[in-house]
Every structure is written in C-alpha cells, then in structure tokens.
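**Student:** What follows is the file final-v3.cif, containing mmCIF, C-alpha atoms and all ligand atoms:
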data_my_file
#
loop_
_atom_site.label_atom_id
_atom_site.label_comp_id
_atom_site.auth_asym_id
_atom_site.auth_seq_id
_atom_site.Cartn_x
_atom_site.Cartn_y
_atom_site.Cartn_z
CA MET A 1 97.82 98.18 -59.86
CA SER A 2 95.72 95.41 -61.36
CA ALA A 3 92.37 96.79 -60.03
CA THR A 4 91.96 99.21 -62.92
CA ARG A 5 93.30 97.04 -65.71
CA ARG A 6 90.89 95.99 -68.42
CA ALA A 7 90.77 92.80 -70.44
CA GLU A 8 88.58 92.11 -73.46
CA ILE A 9 88.22 88.40 -74.24
CA ALA A 10 86.95 87.10 -77.59
CA GLY A 11 85.28 83.71 -77.16
CA GLY A 12 83.02 82.36 -74.42
CA GLY A 13 84.22 78.76 -74.59
CA ILE A 14 86.15 76.79 -71.98
CA GLY A 15 89.35 78.79 -72.53
CA GLY A 16 87.80 82.26 -72.63
CA LEU A 17 85.61 81.71 -69.57
CA ALA A 18 88.39 80.16 -67.48
CA THR A 19 90.64 83.11 -68.36
CA ALA A 20 87.85 85.56 -67.49
CA ALA A 21 87.34 83.97 -64.08
CA ALA A 22 91.09 83.89 -63.40
CA LEU A 23 91.69 87.54 -64.40
CA ALA A 24 88.59 88.83 -62.58
CA ARG A 25 89.71 87.05 -59.40
CA LYS A 26 92.99 88.96 -59.68
CA GLY A 27 91.11 92.27 -59.80
CA TRP A 28 90.93 92.84 -63.56
CA GLN A 29 87.89 94.44 -65.15
CA VAL A 30 86.93 91.75 -67.65
CA ARG A 31 84.49 91.54 -70.53
CA VAL A 32 83.92 88.33 -72.50
CA HIS A 33 82.47 88.50 -76.02
CA GLU A 34 80.71 85.40 -77.29
CA ARG A 35 79.46 85.56 -80.85
CA GLY A 36 76.70 83.01 -80.21
CA ALA A 37 73.31 84.10 -78.93
CA ARG A 38 74.04 82.17 -75.73
CA LEU A 39 76.91 80.35 -74.06
CA ARG A 40 76.75 76.90 -75.48
CA ASP A 41 79.25 74.10 -75.85
CA THR A 42 78.68 71.48 -78.50
CA GLY A 43 80.09 68.02 -78.13
CA ALA A 44 78.07 66.31 -75.40
CA GLY A 45 80.60 65.25 -72.75
CA ILE A 46 84.17 66.04 -71.80
CA TYR A 47 86.83 64.46 -69.61
CA ILE A 48 88.39 66.61 -66.94
CA TYR A 49 91.58 65.20 -65.44
CA GLU A 50 93.37 66.07 -62.20
CA ASN A 51 95.11 69.10 -63.73
CA GLY A 52 91.79 70.54 -64.92
CA MET A 53 90.17 69.79 -61.57
CA LYS A 54 92.88 71.76 -59.79
CA VAL A 55 92.23 74.74 -62.06
CA LEU A 56 88.47 74.50 -61.56
CA GLU A 57 88.96 74.37 -57.79
CA THR A 58 91.18 77.46 -57.89
CA LEU A 59 88.56 79.31 -59.94
CA GLY A 60 85.72 78.27 -57.64
CA ALA A 61 84.00 76.30 -60.42
CA ALA A 62 84.74 72.67 -59.52
CA GLU A 63 81.67 71.85 -57.46
CA ALA A 64 79.21 73.12 -60.07
CA ALA A 65 81.18 71.58 -62.94
CA ILE A 66 81.09 68.02 -61.64
CA ALA A 67 77.77 67.99 -59.71
CA GLY A 68 75.93 64.79 -60.60
CA CYS A 69 78.61 63.72 -63.12
CA SER A 70 80.62 60.52 -63.15
CA ARG A 71 84.05 59.91 -61.73
CA ALA A 72 85.97 57.56 -63.98
CA THR A 73 88.29 55.10 -62.27
CA THR A 74 89.06 52.63 -65.04
CA ARG A 75 89.50 52.85 -68.78
CA GLU A 76 89.25 49.66 -70.80
CA MET A 77 90.18 49.18 -74.42
CA ARG A 78 88.39 46.36 -76.20
CA ASP A 79 88.47 45.02 -79.74
CA GLY A 80 85.57 44.66 -82.15
CA ARG A 81 84.77 41.25 -80.62
CA ASN A 82 84.63 42.62 -77.08
CA ARG A 83 88.00 41.17 -75.99
CA VAL A 84 89.91 43.31 -73.51
CA LEU A 85 93.08 44.78 -75.05
CA SER A 86 94.23 46.89 -72.12
CA VAL A 87 93.01 48.21 -68.80
CA HIS A 88 94.17 51.45 -67.22
CA ARG A 89 93.30 52.40 -63.64
CA TRP A 90 93.59 56.12 -63.01
CA GLY A 91 94.55 55.77 -59.33
CA ALA A 92 97.95 57.45 -59.02
CA SER A 93 97.41 59.94 -61.83
CA GLY A 94 94.54 61.54 -59.92
CA ARG A 95 90.89 62.28 -60.46
CA VAL A 96 89.12 61.93 -63.79
CA TYR A 97 85.56 63.14 -64.29
CA SER A 98 83.39 62.84 -67.35
CA VAL A 99 81.11 65.84 -67.28
CA LEU A 100 78.42 67.42 -69.39
CA ARG A 101 80.00 70.16 -71.50
CA GLN A 102 77.14 72.54 -71.00
CA GLN A 103 77.43 72.13 -67.25
CA LEU A 104 81.18 72.88 -67.42
CA ILE A 105 80.56 76.03 -69.47
CA GLU A 106 77.88 77.21 -67.05
CA ALA A 107 80.12 76.50 -64.05
CA LEU A 108 82.96 78.55 -65.57
CA ALA A 109 80.58 81.36 -66.56
CA GLY A 110 79.17 81.38 -63.01
CA ALA A 111 82.68 81.59 -61.53
CA ALA A 112 83.60 84.41 -63.94
CA THR A 113 80.50 86.51 -63.21
CA ARG A 114 80.76 85.94 -59.44
CA ALA A 115 84.30 87.31 -59.69
CA GLY A 116 82.94 90.40 -61.48
CA ALA A 117 83.42 89.59 -65.19
CA GLU A 118 80.83 90.72 -67.71
CA ILE A 119 79.73 88.27 -70.43
CA VAL A 120 78.21 89.69 -73.59
CA THR A 121 76.56 87.26 -76.00
CA GLY A 122 75.84 88.00 -79.66
CA SER A 123 79.10 89.98 -79.75
CA GLU A 124 81.50 88.94 -82.50
CA ALA A 125 85.08 90.16 -82.46
CA VAL A 126 86.65 90.58 -85.88
CA SER A 127 90.17 91.82 -85.19
CA ALA A 128 92.64 93.08 -82.64
CA THR A 129 95.85 95.07 -82.81
CA PRO A 130 98.98 94.72 -80.66
CA ASP A 131 98.22 98.00 -78.83
CA GLY A 132 95.12 96.38 -77.25
CA THR A 133 92.38 97.60 -79.59
CA ILE A 134 89.62 95.12 -80.37
CA THR A 135 87.07 95.64 -83.15
CA PHE A 136 83.65 94.01 -83.31
CA ALA A 137 81.38 93.02 -86.19
CA SER A 138 79.04 95.84 -85.09
CA GLY A 139 81.80 98.31 -85.99
CA ALA A 140 82.40 99.23 -82.34
CA THR A 141 85.92 99.18 -80.91
CA ALA A 142 87.31 98.96 -77.40
CA GLN A 143 90.70 99.67 -75.91
CA ALA A 144 92.13 97.36 -73.27
CA ASP A 145 95.33 96.58 -71.40
CA LEU A 146 94.95 93.02 -72.61
CA VAL A 147 93.02 91.31 -75.41
CA VAL A 148 92.62 87.53 -75.26
CA ALA A 149 91.80 85.66 -78.46
CA ALA A 150 90.05 82.53 -77.18
CA ASP A 151 88.00 82.25 -80.34
CA GLY A 152 88.71 78.62 -81.16
CA VAL A 153 90.63 76.65 -83.74
CA ASN A 154 89.65 78.94 -86.65
CA SER A 155 90.55 82.08 -84.67
CA ARG A 156 89.86 85.16 -86.73
CA ILE A 157 91.86 87.38 -84.39
CA ARG A 158 94.95 85.17 -84.61
CA ASP A 159 94.77 85.06 -88.39
CA GLY A 160 94.22 88.82 -88.64
CA LEU A 161 97.37 89.45 -86.61
CA GLY A 162 99.38 87.51 -89.16
CA ILE A 163 101.04 85.29 -86.52
CA PRO A 164 102.82 82.48 -88.40
CA THR A 165 100.53 79.50 -87.86
CA ARG A 166 100.75 75.82 -88.74
CA LYS A 167 97.16 74.61 -88.86
CA ARG A 168 96.37 71.20 -90.17
CA ASP A 169 93.44 68.85 -90.36
CA MET A 170 94.12 65.48 -88.78
CA PRO A 171 93.18 62.32 -90.71
CA ASP A 172 90.39 61.50 -88.27
CA GLY A 173 87.35 62.98 -86.58
CA ALA A 174 84.45 62.04 -84.30
CA ILE A 175 80.70 62.06 -83.89
CA ARG A 176 79.65 62.86 -80.33
CA LEU A 177 76.27 62.47 -78.68
CA LEU A 178 74.48 61.95 -75.39
CA ILE A 179 71.93 59.17 -75.03
CA PRO A 180 69.64 58.33 -72.11
CA LYS A 181 70.65 55.33 -70.03
CA THR A 182 68.29 52.35 -70.10
CA PRO A 183 66.48 51.55 -66.81
CA GLU A 184 68.96 48.65 -66.39
CA GLU A 185 71.93 50.98 -66.80
CA VAL A 186 70.41 53.45 -64.35
CA ALA A 187 69.86 50.62 -61.84
CA LEU A 188 73.48 49.48 -62.28
CA GLY A 189 74.65 52.85 -60.94
CA ASP A 190 77.97 54.46 -61.71
CA THR A 191 80.51 51.77 -62.63
CA GLY A 192 83.34 54.30 -63.05
CA THR A 193 84.43 52.42 -66.16
CA THR A 194 84.77 53.92 -69.60
CA VAL A 195 85.21 51.56 -72.52
CA GLU A 196 86.89 52.37 -75.81
CA ASN A 197 86.10 49.74 -78.42
CA TRP A 198 88.52 49.54 -81.36
CA GLN A 199 87.93 47.96 -84.74
CA GLY A 200 90.55 48.95 -87.29
CA SER A 201 90.28 52.70 -87.77
CA ARG A 202 86.91 52.95 -86.01
CA ARG A 203 86.39 53.45 -82.30
CA ILE A 204 83.35 53.66 -80.06
CA LEU A 205 83.92 55.29 -76.69
CA VAL A 206 81.21 54.69 -74.12
CA THR A 207 81.32 56.90 -71.03
CA PRO A 208 78.80 57.23 -68.21
CA VAL A 209 78.42 61.00 -67.82
CA SER A 210 75.59 61.34 -65.30
CA ASP A 211 73.04 59.20 -63.46
CA THR A 212 70.82 59.24 -66.52
CA GLU A 213 73.03 59.72 -69.60
CA LEU A 214 75.86 58.11 -71.54
CA TYR A 215 78.37 60.09 -73.58
CA ILE A 216 79.18 58.30 -76.84
CA ALA A 217 82.02 59.24 -79.19
CA LEU A 218 82.42 57.45 -82.51
CA THR A 219 85.84 58.07 -84.03
CA MET A 220 86.78 57.30 -87.62
CA LEU A 221 89.01 58.42 -90.47
CA ASP A 222 87.70 61.50 -92.23
CA SER A 223 87.79 59.46 -95.45
CA ASP A 224 85.31 56.95 -93.92
CA THR A 225 82.15 58.35 -95.55
CA SER A 226 79.65 55.95 -94.00
CA GLY A 227 81.43 56.09 -90.64
CA LYS A 228 81.20 59.86 -90.32
CA ALA A 229 77.63 60.17 -91.65
CA THR A 230 75.05 61.71 -89.34
CA PRO A 231 72.55 60.47 -88.29
CA VAL A 232 74.82 57.52 -87.46
CA ASP A 233 74.76 54.76 -90.10
CA VAL A 234 73.55 51.99 -87.82
CA GLU A 235 74.21 49.08 -90.22
CA SER A 236 77.71 50.23 -91.06
CA TRP A 237 78.69 50.64 -87.38
CA ALA A 238 76.92 47.47 -86.24
CA ALA A 239 78.82 45.50 -88.91
CA ALA A 240 82.10 46.73 -87.36
CA PHE A 241 80.98 46.15 -83.75
CA PRO A 242 78.35 43.35 -83.76
CA HIS A 243 78.30 43.07 -79.96
CA LEU A 244 77.42 46.77 -79.71
CA ARG A 245 74.45 46.65 -82.10
CA PRO A 246 71.87 47.25 -79.31
CA LEU A 247 73.78 50.35 -78.22
CA ILE A 248 74.28 51.60 -81.79
CA GLU A 249 70.55 51.21 -82.47
CA ARG A 250 69.90 53.57 -79.54
CA LEU A 251 71.97 56.42 -80.99
CA GLY A 252 69.04 58.07 -82.76
CA PRO A 253 69.07 61.07 -85.05
CA GLY A 254 71.41 63.37 -83.05
CA GLY A 255 75.17 63.63 -83.21
CA ARG A 256 77.63 66.01 -84.73
CA TYR A 257 80.78 65.23 -86.68
CA ASP A 258 83.97 67.26 -86.15
CA ARG A 259 87.27 66.66 -87.86
CA PHE A 260 90.25 66.87 -85.49
CA GLY A 261 92.66 69.75 -85.94
CA HIS A 262 96.14 70.71 -84.82
CA VAL A 263 97.44 74.26 -84.40
CA LYS A 264 100.95 75.43 -83.64
CA LEU A 265 101.88 79.11 -83.52
CA LYS A 266 105.25 80.80 -83.80
CA THR A 267 104.25 82.91 -80.81
CA TRP A 268 101.29 82.94 -78.41
CA SER A 269 101.14 86.72 -78.18
CA GLN A 270 101.69 89.92 -80.07
CA GLY A 271 101.98 93.08 -78.01
CA ARG A 272 98.96 93.14 -75.69
CA VAL A 273 97.10 90.34 -77.50
CA ALA A 274 97.32 86.78 -76.12
CA ILE A 275 96.15 83.77 -78.14
CA LEU A 276 94.70 81.04 -75.93
CA GLY A 277 93.13 77.59 -76.03
CA ASP A 278 92.37 75.91 -79.35
CA ALA A 279 93.24 79.16 -81.15
CA ALA A 280 96.85 78.66 -79.98
CA HIS A 281 97.23 74.92 -79.58
CA ALA A 282 94.32 72.81 -80.85
CA MET A 283 95.01 69.10 -80.66
CA PRO A 284 93.21 65.86 -81.45
CA PRO A 285 91.31 64.61 -78.38
CA ASN A 286 93.15 61.31 -77.86
CA LEU A 287 94.33 62.48 -74.44
CA GLY A 288 91.18 64.47 -73.59
CA GLN A 289 93.26 67.51 -72.63
CA GLY A 290 92.42 70.27 -75.15
CA GLY A 291 90.04 71.89 -72.68
CA GLY A 292 92.33 71.04 -69.75
CA THR A 293 95.30 72.84 -71.31
CA ALA A 294 93.07 75.80 -72.27
CA MET A 295 91.98 76.16 -68.62
CA MET A 296 95.55 75.72 -67.33
CA ASN A 297 96.83 78.39 -69.70
CA GLY A 298 94.01 80.79 -68.77
CA LEU A 299 94.84 80.55 -65.07
CA ALA A 300 98.58 80.73 -65.80
CA LEU A 301 98.03 83.87 -67.90
CA ALA A 302 96.33 85.66 -64.98
CA THR A 303 99.08 84.48 -62.64
CA HIS A 304 101.90 85.75 -64.87
CA LEU A 305 100.17 89.09 -65.40
CA ASP A 306 99.44 89.62 -61.72
CA GLY A 307 101.34 92.73 -60.73
CA ALA A 308 103.34 92.79 -63.98
CA ALA A 309 103.99 96.31 -65.24
CA ASP A 310 105.04 95.25 -68.74
CA ILE A 311 102.21 93.23 -70.28
CA PRO A 312 103.98 92.12 -73.49
CA ALA A 313 106.94 90.90 -71.38
CA ALA A 314 104.60 89.07 -68.99
CA LEU A 315 102.90 87.38 -71.96
CA ALA A 316 106.28 86.24 -73.26
CA ALA A 317 107.12 84.82 -69.80
CA TRP A 318 103.72 83.06 -69.71
CA GLU A 319 104.43 81.40 -73.04
CA ARG A 320 107.97 80.34 -72.03
CA ALA A 321 106.62 78.73 -68.86
CA GLU A 322 103.51 77.04 -70.24
CA ARG A 323 104.41 76.04 -73.75
CA PRO A 324 106.49 72.93 -72.89
CA ILE A 325 103.68 71.06 -71.11
CA THR A 326 101.17 72.18 -73.74
CA GLU A 327 103.37 70.93 -76.58
CA HIS A 328 104.04 67.66 -74.77
CA THR A 329 100.26 67.24 -74.56
CA GLN A 330 99.86 67.98 -78.26
CA ARG A 331 102.58 65.47 -79.21
CA MET A 332 101.06 62.74 -77.04
CA SER A 333 97.55 63.43 -78.32
CA ILE A 334 98.79 62.85 -81.86
CA PHE A 335 100.84 59.80 -80.89
CA PHE A 336 97.92 58.03 -79.19
CA GLY A 337 95.74 58.50 -82.25
CA ARG A 338 98.28 56.91 -84.60
CA PRO A 339 97.12 53.29 -84.11
CA ALA A 340 93.87 54.20 -85.90
CA SER A 341 95.71 54.07 -89.21
CA TRP A 342 97.84 50.97 -88.44
CA PRO A 343 97.13 47.37 -89.46
CA VAL A 344 95.29 45.49 -86.69
CA PRO A 345 98.22 43.17 -85.64
CA ILE A 346 100.48 46.19 -85.10
CA GLN A 347 97.66 47.93 -83.25
CA ARG A 348 97.33 44.95 -80.92
CA GLY A 349 101.08 44.92 -80.25
CA PHE A 350 100.93 48.62 -79.42
CA PHE A 351 98.03 48.18 -77.00
CA ASN A 352 99.89 45.33 -75.37
CA ILE A 353 102.92 47.57 -74.79
CA LEU A 354 100.58 50.33 -73.69
CA SER A 355 99.12 48.25 -70.91
CA LYS A 356 102.57 47.17 -69.60
CA SER A 357 104.99 50.03 -70.17
CA ARG A 358 105.58 52.40 -67.25
CA LYS A 359 107.29 54.85 -69.58
CA VAL A 360 104.32 55.04 -71.94
CA GLY A 361 102.02 55.44 -68.93
CA GLU A 362 104.21 58.28 -67.61
CA LEU A 363 104.13 60.08 -70.96
CA ARG A 364 100.40 59.63 -71.27
CA THR A 365 99.50 60.89 -67.81
CA ARG A 366 102.14 63.65 -67.50
CA THR A 367 99.65 66.42 -68.25
CA ALA A 368 97.09 65.03 -65.81
CA ARG A 369 99.79 64.92 -63.09
CA HIS A 370 101.11 68.40 -63.91
CA ILE A 371 100.58 71.01 -61.17
CA PRO A 372 99.07 73.96 -63.06
CA THR A 373 100.61 77.40 -62.50
CA GLY A 374 98.47 79.39 -60.10
CA THR A 375 97.07 76.40 -58.19
CA ALA A 376 98.24 75.76 -54.67
C1 LIG B 401 85.79 64.91 -80.32
C2 LIG B 401 86.43 65.83 -79.30
C3 LIG B 401 86.53 65.40 -77.99
C4 LIG B 401 87.17 66.20 -77.03
N1 LIG B 401 87.29 65.73 -75.76
C5 LIG B 401 87.93 66.48 -74.84
C6 LIG B 401 88.05 66.01 -73.49
O1 LIG B 401 87.55 64.93 -73.14
N2 LIG B 401 88.72 66.79 -72.59
C7 LIG B 401 89.26 68.01 -72.94
O2 LIG B 401 89.83 68.70 -72.09
N3 LIG B 401 89.15 68.46 -74.21
C8 LIG B 401 88.50 67.75 -75.16
N4 LIG B 401 88.38 68.21 -76.43
C9 LIG B 401 88.98 69.51 -76.77
C10 LIG B 401 88.16 70.69 -76.27
O3 LIG B 401 86.83 70.59 -76.71
C11 LIG B 401 88.77 71.98 -76.78
O4 LIG B 401 90.16 71.98 -76.58
C12 LIG B 401 88.16 73.18 -76.04
O5 LIG B 401 86.77 73.26 -76.30
C13 LIG B 401 88.85 74.47 -76.48
O6 LIG B 401 88.23 75.55 -75.86
P1 LIG B 401 88.39 77.00 -76.45
O7 LIG B 401 87.64 77.89 -75.52
O8 LIG B 401 89.81 77.30 -76.73
O9 LIG B 401 87.68 76.99 -77.87
P2 LIG B 401 86.18 76.69 -78.26
O10 LIG B 401 85.60 75.63 -77.40
O11 LIG B 401 86.17 76.50 -79.75
O12 LIG B 401 85.42 78.04 -77.91
C14 LIG B 401 85.56 79.19 -78.70
C15 LIG B 401 84.36 80.09 -78.44
O13 LIG B 401 84.56 81.32 -79.13
C16 LIG B 401 83.40 81.68 -79.84
N5 LIG B 401 83.87 82.49 -80.95
C17 LIG B 401 84.49 82.06 -82.07
N6 LIG B 401 84.84 83.11 -82.84
C18 LIG B 401 84.44 84.22 -82.18
C19 LIG B 401 84.54 85.61 -82.45
N7 LIG B 401 85.11 86.04 -83.58
N8 LIG B 401 84.03 86.48 -81.55
C20 LIG B 401 83.45 86.06 -80.40
N9 LIG B 401 83.32 84.74 -80.10
C21 LIG B 401 83.83 83.83 -80.96
C22 LIG B 401 82.76 80.35 -80.22
O14 LIG B 401 81.39 80.51 -80.47
C23 LIG B 401 83.05 79.52 -78.98
O15 LIG B 401 82.05 79.69 -77.99
C24 LIG B 401 87.72 67.45 -77.40
C25 LIG B 401 87.59 67.90 -78.72
C26 LIG B 401 86.96 67.09 -79.66
C27 LIG B 401 86.85 67.60 -81.08
#
Just dump the structure as structure tokens.
Ligand SMILES: Cc1cc2nc3c(=O)[nH]c(=O)nc-3n(C[C@H](O)[C@H](O)[C@H](O)COP(=O)(O)OP(=O)(O)OC[C@H]3O[C@@H](n4cnc5c(N)ncnc54)[C@H](O)[C@@H]3O)c2cc1C
**Tutor:**
Amino acid sequence: MSATRRAEIAGGGIGGLATAAALARKGWQVRVHERGARLRDTGAGIYIYENGMKVLETLGAAEAAIAGCSRATTREMRDGRNRVLSVHRWGASGRVYSVLRQQLIEALAGAATRAGAEIVTGSEAVSATPDGTITFASGATAQADLVVAADGVNSRIRDGLGIPTRKRDMPDGAIRLLIPKTPEEVALGDTGTTVENWQGSRRILVTPVSDTELYIALTMLDSDTSGKATPVDVESWAAAFPHLRPLIERLGPGGRYDRFGHVKLKTWSQGRVAILGDAAHAMPPNLGQGGGTAMMNGLALATHLDGAADIPAALAAWERAERPITEHTQRMSIFFGRPASWPVPIQRGFFNILSKSRKVGELRTRTARHIPTGTA
C-alpha cells in the first residue's frame, strides 16, 4: 500500500531530511522542499548521542555523518579559573560524537536520495491544509497523502494551520564557530574530552570536532550585549576567562549568535499535516538533543505510518508514543540551563550535586539511552 503514497516535506534541515530518508525507505514517494539555494546547516558543530546514532544507523547515514569526527568520552565542567567542577564519563549512556553540521546534513541528504527521495532547493512552502495540500511561494500547489512541516522554530506552516502554540524566547543564547586546531592541538590527537567553562552566566564550550577543527560555543544571557556581540568581543570574554585568552584571541571574525527558543504545541498534527523537529518542539541546547529528537521523531513517524490506512489516526498514535520522551528532553534541557542565571555559590552547589547524583545523571541521559522507535 505504501509504494504509491506521496509525502511533501517542507524544510531540508536535520528533521526534514531524516524524515525523508525514513519514509523513502518504507516505499513512500518523497519530495523535500528547502527554501535555501542549497542544503546548509548553520551552527558549526553538533553533538549526536547514542539515540541519534541508532537512528542514523537505521537510515544508512551513520558512517558518512561521523567520518573523521570526534568521539567524546568525557565532559568536564570548569570554572572561570580553570578549576574542575564536575566530570562526566559517557561510558554507560552510550556513544557521543561531535560532528560537523554540514557533514551531518549531507549524510542525511545522501541517505534520503539513495532511498529515492527528491530534494528541491530554492523551494519555499508557504502553507498547508489538513487535506494534504501544500502551497509554495511560487504559487504552485501539490497534493499529498502526507505533508511534513519541518520548517524550523518559526514554522510558517504550523502558524498558518492555527495550531495553538506556546513559543517563547529563552533568556540565553549562543555564538557558535569552528576554528582550526593549532599544530600542537593536531599533534595531541583526539583527547575525547569536551570542556565547558562556566563563569557566572557565561559559558565557553570547547569541543574537538575533527582532526583539524575545534567547535566553540559561547553561551550568555541575551541581555549580555558585549557577550553576544559578533565578531566576539575578545577583551570582554578574556576578562571573564583569563586562562582562555589565547583561545579567545583565535576566534576571529566569524561566529553567529542565536537566541534559544522553546516551542510546545497543543497537537503535533492536523489531518494529513505533521509538524516535526524544532517546528514542534524546539528546546534550548543544554542537552544537545534538539536534532536528536527531530531525527527520532522522523523515523518514528515513518514507522507509525507504515501500512497504516488512516493517516490522521496514525499521526495521533505517533504523537502519543513519542511525545513523552520529547517533552522529558525539553524539560531537562531547560533545567540544565537554569544555573546560568543563579548566583555562583548556588551554581557550584548544583554542579557538585550534578557530579554525584545518580538520579540527576539518569534524568540527564534518559534521552541518550532511549531506544528510538523503528530502530532494532
Ligand atoms: C546553540 C545551539 C546548539 C545546538 N546543539 C545541538 C546539539 O549538540 N545536538 C542536537 O541534537 N541539537 C542541537 N541543537 C538543536 C538543533 O540544531 C535543532 O534542534 C535542529 O537543527 C532542528 O532541526 P529541524 O530540521 O527541525 O529545523 P532546522 O534545523 O531549523 O531546519 C529547518 C529547515 O527548513 C528550511 N525552511 C524554513 N522555512 C521553510 C519554508 N517555508 N519552506 C521550505 N524550507 C524552509 C530552513 O532553511 C532549514 O533548512 C542546537 C541548537 C542551538 C541553537
């Protein structure tokens, strides 16, 4: 039955491409519409945890996604004077890779096209209706058995459907960039250690992402004008993290600031239209699982629809099954960002508990340990 079914997907990001690959592998005729002139993911690097790796493996995209990238084994938190606050070893919670975003996007696009999906760039969707009609900025329309709105946090399709939505800006945001490793860092090889340096409401995350590059994320309150300025305000950041001055001086003119957002919908679907990824459940990146949950939900969507005669009913079942782990992830991602607005002594107490509490560890790694629907 599924061989003749058609899906139109708005958005060629992590969520849209994972969904395209998953549906095409189940025999759907799939077309992805990306409004950009090419598939491109901003934001330098991205963490993929065990749950995301399982999805990538199922989609046939894992090898290409992580080729040449770093496997993280240890995450350290340090204070502004380089003292270790907590150490987390990933061990039991599975694999963690830090990968280049562009490489991840290309790996997913490759998996989708190998499975038969078509990807159209420069194609902007403007609206969809519950009967499966999608309309494009060009004025063209298409009719499908399924429309997927994977068009990001500011989803135009979601908003046009009038789905009750709680969308809020978080108090913080981040500048992300890639910088070349120094010859000494290259010679050191892959240490497998990522370090998050905290100083009050500012954070500098340093992650080896390939043999030759580091992924740097500077996080700050949105009200921190000098902190969020791009190019990075070297003096302002070096004053907060004196021991990192040599690194901060290497950041150069690049970098892009994004404020974190949070989205919660009354429902993830309307008729034949499914809302997916950041469009449905954006979250701050404190757990590094926004992309992971988007990929899990894309694969789960294809799994729930496989062989289902009633698409709206299958979409409702998909949401019932997947929403709990997604909302847990959203709650935790907000919780682990809270210390940024706490006084330093309370922050330190929290990090101390963090490093010792099994319960907190369980809550934090639950999504990474989750077995995604549709994986073996
Ligand atoms: C600082 C930061 C760090 C992060 N770190 C991690 C991490 O380590 N691990 C992780 O898993 N997640 C991380 N995330 C979250 C992750 O980036 C997102 O959850 C993920 O990109 C969501 O994918 P998406 O496909 O739903 O949306 P998007 O990535 O926003 O993709 C949407 C796509 O749709 C296109 N589009 C938009 N509107 C239209 C339209 N009308 N028609 C056609 N195309 C359209 C856009 O051009 C874009 O290509 C981080 C986020 C931030 C801000």
**Student:** Considering all atoms listed in the file, state which residue in the set A:Leu315, A:Ile134, A:Ile275, A:Val209 is at the smallest distance from Ala149 of chain A.
**Tutor:**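 For Ala149 of chain A, the nearest of the candidates is A:Ile275.
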**Student:** Which residues sit within 7 Å of ligand LIG 401 (chain B), counting only C-alpha atoms and all ligand atoms, listed as a VMD selection string?
**Tutor:** chain A and resid 10 to 16 33 to 36 39 to 41 43 45 to 48 123 to 126 150 to 153 155 to 157 173 to 176 217 258 to 260 276 to 279 282 to 285 288 to 294
**Student:** Please identify all polymer residues within 10 Å of Arg89 of chain A, counting only C-alpha atoms, omitting same-chain residues fewer than 4 positions from it, and present them as a PDB file with C-alpha atoms, keeping the file's coordinate frame.
**Tutor:**
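Resulting contents of part-v9.pdb:
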ATOM      1  CA  ALA A  72      85.970  57.560 -63.980  1.00  0.00           C
ATOM      2  CA  THR A  73      88.290  55.100 -62.270  1.00  0.00           C
ATOM      3  CA  THR A  74      89.060  52.630 -65.040  1.00  0.00           C
ATOM      4  CA  ARG A  75      89.500  52.850 -68.780  1.00  0.00           C
ATOM      5  CA  GLU A  76      89.250  49.660 -70.800  1.00  0.00           C
ATOM      6  CA  SER A  93      97.410  59.940 -61.830  1.00  0.00           C
ATOM      7  CA  GLY A  94      94.540  61.540 -59.920  1.00  0.00           C
ATOM      8  CA  THR A 193      84.430  52.420 -66.160  1.00  0.00           C
TER       9      THR A 193
END
**Student:** Is there a way to get, as a PyMOL selection string, all residues within 8 Å of the point (90.4, 79.4, -60.3) in file coordinates, counting only C-alpha atoms?
**Tutor:** chain A and resi 18+21-22+25+55-61+299+375
**Student:** Store the residues of this selection in a file with C-alpha atoms, as a tab-separated table (two decimals), keeping the file's coordinate frame.
**Tutor:**
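Final output, saved to selection_32.tsv:
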chain	number	residue	atom	x	y	z
A	18	ALA	CA	88.39	80.16	-67.48
A	21	ALA	CA	87.34	83.97	-64.08
A	22	ALA	CA	91.09	83.89	-63.40
A	25	ARG	CA	89.71	87.05	-59.40
A	55	VAL	CA	92.23	74.74	-62.06
A	56	LEU	CA	88.47	74.50	-61.56
A	57	GLU	CA	88.96	74.37	-57.79
A	58	THR	CA	91.18	77.46	-57.89
A	59	LEU	CA	88.56	79.31	-59.94
A	60	GLY	CA	85.72	78.27	-57.64
A	61	ALA	CA	84.00	76.30	-60.42
A	299	LEU	CA	94.84	80.55	-65.07
A	375	THR	CA	97.07	76.40	-58.19
**Student:** At what distance in Å, to one decimal, does atom CA of Gln347 of chain A lie from atom CA of Ser333 of chain A?
**Tutor:**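 So the two atoms, atom CA of Ser333 of chain A and atom CA of Gln347 of chain A, lie 16.3 Å apart.
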**Student:** Mind giving me the straight-line distance from atom CA of Ala24 of chain A to atom CA of Ala115 of chain A in Å, one decimal?
**Tutor:**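 Answer for the atom CA of Ala24 of chain A to atom CA of Ala115 of chain A separation: 5.4 Å.
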**Student:** Separation of atom CA of Thr121 of chain A and atom CA of Arg158 of chain A, in Å?
**Tutor:**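 Interatomic distance, atom CA of Thr121 of chain A to atom CA of Arg158 of chain A: 20.4 Å.
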**Student:** For Ser86 of chain A, which of A:Asn197, A:Gln102, A:Thr326, A:Asn286 is the closest residue, counting only C-alpha atoms?
**Tutor:** A:Asn197
**Student:** May I have the protein, DNA and RNA residues with an atom at most 8 Å from (95.5, 80.8, -66.8), counting only C-alpha atoms in the file's coordinates, returned as number ranges by chain?
**Tutor:** A: 18-19, 22, 294-303, 373-374
**Student:** Considering only C-alpha atoms, state which residue in the set A:Val234, A:Ile9, A:Val30, A:Ile325 is at the smallest distance from Thr135 of chain A.
**Tutor:**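 Going through A:Val234, A:Ile9, A:Val30, A:Ile325 one by one, the smallest distance to Thr135 of chain A is for A:Ile9.
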**Student:** Measuring between all atoms listed in the file, which one of A:Gln330, A:Trp268, A:Arg245, A:Asn82 shows the shortest distance to Leu363 of chain A?
**Tutor:**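 Closest candidate: A:Gln330.
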